[in-house]
Amino acid sequence: MSFHTLDARRLLCPMPVIRTQNKIKSLQAGDILEVSCTDPGVIQDIPAWCRINGHTCLGHEMVDDQIIIKIEVGQD
Amino acid sequence: MTKQRKAVALISGGLDSLLAAKVMLEQGVHVEGINFYTGFCVEGHTHAIRKKSKDKVKRNNALWSAEQLGIKLHIVDVIDEYKDVLINPKHGYGANMNPCLDCKGFMVKKALQWIEENDFDFIVTGEVIGQRPMSQRKDTMPVIARESGANDLLLRPLCAKFLPETKPEKEGWVDREKLYEFSGRTRKPQMALAKEFGFVDYAQPAGGCCFLTDKSYSDRLVDLWKARDDNRNYEMDDIMMLKVGRHIRPKSHFKLIIGREDGENKFMSGYKKQFTHLHATSCVGPLVLIDGEVNKEDIQLAAQITARFSKGRTEPSVTIEVTDKHGVSNLLEVAPLKAHEIPEAWQV
């Protein structure tokens with residue numbers, strides 16, 4: 001298991017979802033990905049994308065104006 | 001044991017693609033969704049920008065459709081490749097700057113590449129004959145199948161009975177008898193089928209899911225190209241800015257983008273380093289970006305227009321802070337323009 005980050009700030013949905021999807025393709029099951037975003041739409045969209053694609057959204061937190069979403073990569 | 005066949009369904013987030021994918025699932029086909037992001041999709045962006053949408057859940061309808069269907073969804077960024085579709089459409093534009101026929105052909109072609117790379121068997125779309133005036137007509141639907149190269153690997157379950165048999169039907173991967181014969185602009189058959197499948201909440205965007213079908217958006221795009229001496233190339237930021245604010249072009253070489261509410265002002269503030277920008281300091285007012293190269297006289301006029309859209313519009317003078325791309329600011333005292341001094345021809 002390894003820890004990874006992705007900067008999706010200033011991108012509007014669905015771009016943060018696309019960047020997350022593309023990043024996860026290079027990761028292993030069990031890896032943790034932390035995505036930094038500014039578009040509040042990600043609070044709906046990234047968990048929805050995780051649910052339908054077999055990944056686990058571990059939650060999100062607000063840090064200043066940013067939304068940090070944590071994902072555990074599932075099996076392909 | 002019969003091999004389970006695999007289809008990729010183009011999912012826009014609307015009702016038709018939701019139903020087409022569901023019809024395939026009901027026939028035991030393994031379905032995954034694909035959604036192409038061109039940069040002009042109505043999904044997402046404006047929901048995020050404008051405050052008026054705050055009461056609505058900011059959901060992406062393509063993701064939502066996939067979740068209702070219990071299928072995977074692959075979202076593909078085609079922003080760069082799409083430029084050629086928009087700039088040089090072989091079949092021209094629809095009522096506005098919408099190159100619908102070329103667009104659908106492009107998307108089916110991309111889906112064909114995807115099924116080849118991912119070992120899928122065929123492509124499904126939610127097209128319905130007569131639903132759209134350009135891309136969904138009986139005479140243009142074969143054009144999409146042919147020009148995309150998908151040919152008989154392209155199945156439209158909602159109107160398949162009006163069309164020649166496709167490979168999935170011929171090979172018995174799907175039962176043609178259980179496909180549909182929907183046509184025309186009425187949505188009643190789709191709504192009845194949605195009810196049958198138990199879908200009660202689905203998106204039905206008027207005018208489709210693309211900004212290019214919108215007249216005011218298309219007018220802004222044409223204005224942008226004209227102002228750039230018909231250089232039609234564009235960047236993502238260009239097409240984003242066309243979705244935001246009130247656009248006023250007082251002279252051919254520059255225009256103003258004026259925030260209409262807090263959500264837009266906040267979004268536009270992310271572009272301050274790329275544009276000379278103005279705002280009132282003596283009263284409340286919008287953030288205004290200047291798109292184009294401007295001289296001192298132009299800035300004076302831009303400041304007067306900025307004052308016009310501030311709360312101080314009836315005052316004899318308003319203080320406007322003007323900041324250039326390097327972050328250097330100046331204060332100007334200006335008389336707000338009167339309403340009649342902003343001709344309709346300036347509005348983009």
# chains A, B, ... in the order shown; residues from 1 in each chain; ligands from 1

$ interface_residues --of "chain A" --to "chain B" --cutoff "12 Å" --atoms "only C-alpha atoms" --output "ChimeraX atom specification"
/A:9-22,25,38-55,65,76

$ residues_around --residues "Leu18 in chain B" --least-positions-apart "4" --cutoff "9 Å" --atoms "only C-alpha atoms" --output "mmCIF file with C-alpha atoms, in the first residue's frame"
data_model
loop_
_atom_site.group_PDB
_atom_site.id
_atom_site.type_symbol
_atom_site.label_atom_id
_atom_site.label_comp_id
_atom_site.auth_asym_id
_atom_site.auth_seq_id
_atom_site.Cartn_x
_atom_site.Cartn_y
_atom_site.Cartn_z
ATOM 1 C CA ALA B 9 -23.043 2.522 -24.039
ATOM 2 C CA ILE B 11 -24.025 7.834 -21.596
ATOM 3 C CA SER B 12 -24.888 11.526 -21.794
ATOM 4 C CA GLY B 13 -26.788 11.692 -18.528
ATOM 5 C CA GLY B 14 -30.152 12.069 -20.277
ATOM 6 C CA LYS B 22 -30.995 -0.599 -19.471
ATOM 7 C CA VAL B 23 -32.547 -2.401 -22.462
ATOM 8 C CA ALA B 62 -23.833 10.726 -16.464
ATOM 9 C CA SER B 65 -27.201 7.346 -14.698
ATOM 10 C CA ALA B 66 -24.376 4.833 -14.377
ATOM 11 C CA GLN B 68 -28.811 3.834 -11.395
ATOM 12 C CA LEU B 69 -27.833 1.213 -13.946
ATOM 13 C CA GLY B 126 -29.757 6.174 -27.024
ATOM 14 C CA ALA B 194 -38.664 4.671 -17.712
ATOM 15 C CA TYR B 202 -33.961 11.441 -14.558
#

$ atom_distance --atom1 "CA of Val288 in chain B" --atom2 "CA of Asp7 in chain A"
27.8 Å

$ select_by_dssp --residues "range 37-146 of chain B" --states "strand (DSSP E)" --output "list in words"
Tyr37, Leu73, His74, Ile75, Val76, Asp77, Phe122, Ile123 and Val124 of chain B

$ decode --residues "range 3-31 of chain A" --atoms "N, CA and C atoms" --output "PDB file, in the first residue's frame"
ATOM      1  N   PHE A   3       0.918   5.801  -0.584  1.00  0.00           N
ATOM      2  CA  PHE A   3       0.113   7.011  -0.486  1.00  0.00           C
ATOM      3  C   PHE A   3       0.442   7.936  -1.663  1.00  0.00           C
ATOM      4  N   HIS A   4      -0.598   8.489  -2.299  1.00  0.00           N
ATOM      5  CA  HIS A   4      -0.389   9.346  -3.467  1.00  0.00           C
ATOM      6  C   HIS A   4      -1.271  10.595  -3.340  1.00  0.00           C
ATOM      7  N   THR A   5      -0.849  11.635  -4.021  1.00  0.00           N
ATOM      8  CA  THR A   5      -1.670  12.862  -4.017  1.00  0.00           C
ATOM      9  C   THR A   5      -1.945  13.291  -5.459  1.00  0.00           C
ATOM     10  N   LEU A   6      -2.997  14.070  -5.607  1.00  0.00           N
ATOM     11  CA  LEU A   6      -3.356  14.601  -6.923  1.00  0.00           C
ATOM     12  C   LEU A   6      -3.876  16.017  -6.734  1.00  0.00           C
ATOM     13  N   ASP A   7      -3.336  16.940  -7.510  1.00  0.00           N
ATOM     14  CA  ASP A   7      -3.774  18.330  -7.442  1.00  0.00           C
ATOM     15  C   ASP A   7      -4.822  18.578  -8.528  1.00  0.00           C
ATOM     16  N   ALA A   8      -6.084  18.737  -8.116  1.00  0.00           N
ATOM     17  CA  ALA A   8      -7.155  19.023  -9.089  1.00  0.00           C
ATOM     18  C   ALA A   8      -7.786  20.373  -8.751  1.00  0.00           C
ATOM     19  N   ARG A   9      -6.993  21.255  -8.148  1.00  0.00           N
ATOM     20  CA  ARG A   9      -7.533  22.573  -7.787  1.00  0.00           C
ATOM     21  C   ARG A   9      -7.759  23.409  -9.041  1.00  0.00           C
ATOM     22  N   ARG A  10      -8.739  24.278  -8.968  1.00  0.00           N
ATOM     23  CA  ARG A  10      -9.137  25.186 -10.059  1.00  0.00           C
ATOM     24  C   ARG A  10      -9.760  24.451 -11.251  1.00  0.00           C
ATOM     25  N   LEU A  11      -9.904  23.161 -11.160  1.00  0.00           N
ATOM     26  CA  LEU A  11     -10.590  22.427 -12.238  1.00  0.00           C
ATOM     27  C   LEU A  11     -12.054  22.279 -11.855  1.00  0.00           C
ATOM     28  N   LEU A  12     -12.916  22.395 -12.853  1.00  0.00           N
ATOM     29  CA  LEU A  12     -14.341  22.199 -12.604  1.00  0.00           C
ATOM     30  C   LEU A  12     -14.758  20.813 -13.077  1.00  0.00           C
ATOM     31  N   CYS A  13     -15.761  20.263 -12.426  1.00  0.00           N
ATOM     32  CA  CYS A  13     -16.240  18.935 -12.776  1.00  0.00           C
ATOM     33  C   CYS A  13     -16.717  18.922 -14.230  1.00  0.00           C
ATOM     34  N   PRO A  14     -16.445  17.888 -14.992  1.00  0.00           N
ATOM     35  CA  PRO A  14     -15.934  16.592 -14.498  1.00  0.00           C
ATOM     36  C   PRO A  14     -14.419  16.446 -14.525  1.00  0.00           C
ATOM     37  N   MET A  15     -13.651  17.532 -14.761  1.00  0.00           N
ATOM     38  CA  MET A  15     -12.199  17.353 -14.889  1.00  0.00           C
ATOM     39  C   MET A  15     -11.544  16.722 -13.661  1.00  0.00           C
ATOM     40  N   PRO A  16     -11.928  17.116 -12.417  1.00  0.00           N
ATOM     41  CA  PRO A  16     -11.303  16.429 -11.270  1.00  0.00           C
ATOM     42  C   PRO A  16     -11.592  14.921 -11.252  1.00  0.00           C
ATOM     43  N   VAL A  17     -12.784  14.558 -11.739  1.00  0.00           N
ATOM     44  CA  VAL A  17     -13.147  13.130 -11.795  1.00  0.00           C
ATOM     45  C   VAL A  17     -12.268  12.429 -12.838  1.00  0.00           C
ATOM     46  N   ILE A  18     -12.098  13.080 -13.984  1.00  0.00           N
ATOM     47  CA  ILE A  18     -11.284  12.479 -15.060  1.00  0.00           C
ATOM     48  C   ILE A  18      -9.830  12.319 -14.593  1.00  0.00           C
ATOM     49  N   ARG A  19      -9.300  13.369 -13.929  1.00  0.00           N
ATOM     50  CA  ARG A  19      -7.909  13.285 -13.440  1.00  0.00           C
ATOM     51  C   ARG A  19      -7.769  12.176 -12.398  1.00  0.00           C
ATOM     52  N   THR A  20      -8.796  12.050 -11.540  1.00  0.00           N
ATOM     53  CA  THR A  20      -8.769  10.994 -10.512  1.00  0.00           C
ATOM     54  C   THR A  20      -8.792   9.623 -11.177  1.00  0.00           C
ATOM     55  N   GLN A  21      -9.702   9.461 -12.128  1.00  0.00           N
ATOM     56  CA  GLN A  21      -9.835   8.196 -12.865  1.00  0.00           C
ATOM     57  C   GLN A  21      -8.507   7.828 -13.532  1.00  0.00           C
ATOM     58  N   ASN A  22      -7.877   8.801 -14.189  1.00  0.00           N
ATOM     59  CA  ASN A  22      -6.638   8.509 -14.913  1.00  0.00           C
ATOM     60  C   ASN A  22      -5.479   8.201 -13.956  1.00  0.00           C
ATOM     61  N   LYS A  23      -5.452   8.891 -12.823  1.00  0.00           N
ATOM     62  CA  LYS A  23      -4.398   8.642 -11.836  1.00  0.00           C
ATOM     63  C   LYS A  23      -4.545   7.231 -11.251  1.00  0.00           C
ATOM     64  N   ILE A  24      -5.779   6.867 -10.954  1.00  0.00           N
ATOM     65  CA  ILE A  24      -6.028   5.567 -10.306  1.00  0.00           C
ATOM     66  C   ILE A  24      -5.627   4.397 -11.218  1.00  0.00           C
ATOM     67  N   LYS A  25      -5.662   4.618 -12.530  1.00  0.00           N
ATOM     68  CA  LYS A  25      -5.251   3.559 -13.463  1.00  0.00           C
ATOM     69  C   LYS A  25      -3.811   3.115 -13.202  1.00  0.00           C
ATOM     70  N   SER A  26      -2.990   4.033 -12.673  1.00  0.00           N
ATOM     71  CA  SER A  26      -1.574   3.698 -12.456  1.00  0.00           C
ATOM     72  C   SER A  26      -1.314   3.192 -11.034  1.00  0.00           C
ATOM     73  N   LEU A  27      -2.366   3.096 -10.200  1.00  0.00           N
ATOM     74  CA  LEU A  27      -2.175   2.699  -8.800  1.00  0.00           C
ATOM     75  C   LEU A  27      -2.586   1.239  -8.579  1.00  0.00           C
ATOM     76  N   GLN A  28      -2.221   0.742  -7.414  1.00  0.00           N
ATOM     77  CA  GLN A  28      -2.518  -0.647  -7.043  1.00  0.00           C
ATOM     78  C   GLN A  28      -3.695  -0.691  -6.059  1.00  0.00           C
ATOM     79  N   ALA A  29      -4.378  -1.825  -6.032  1.00  0.00           N
ATOM     80  CA  ALA A  29      -5.467  -2.001  -5.059  1.00  0.00           C
ATOM     81  C   ALA A  29      -4.907  -1.803  -3.650  1.00  0.00           C
ATOM     82  N   GLY A  30      -5.632  -1.039  -2.836  1.00  0.00           N
ATOM     83  CA  GLY A  30      -5.192  -0.776  -1.466  1.00  0.00           C
ATOM     84  C   GLY A  30      -4.433   0.538  -1.326  1.00  0.00           C
ATOM     85  N   ASP A  31      -3.953   1.090  -2.439  1.00  0.00           N
ATOM     86  CA  ASP A  31      -3.263   2.391  -2.375  1.00  0.00           C
ATOM     87  C   ASP A  31      -4.253   3.478  -1.944  1.00  0.00           C
TER      88      ASP A  31
END
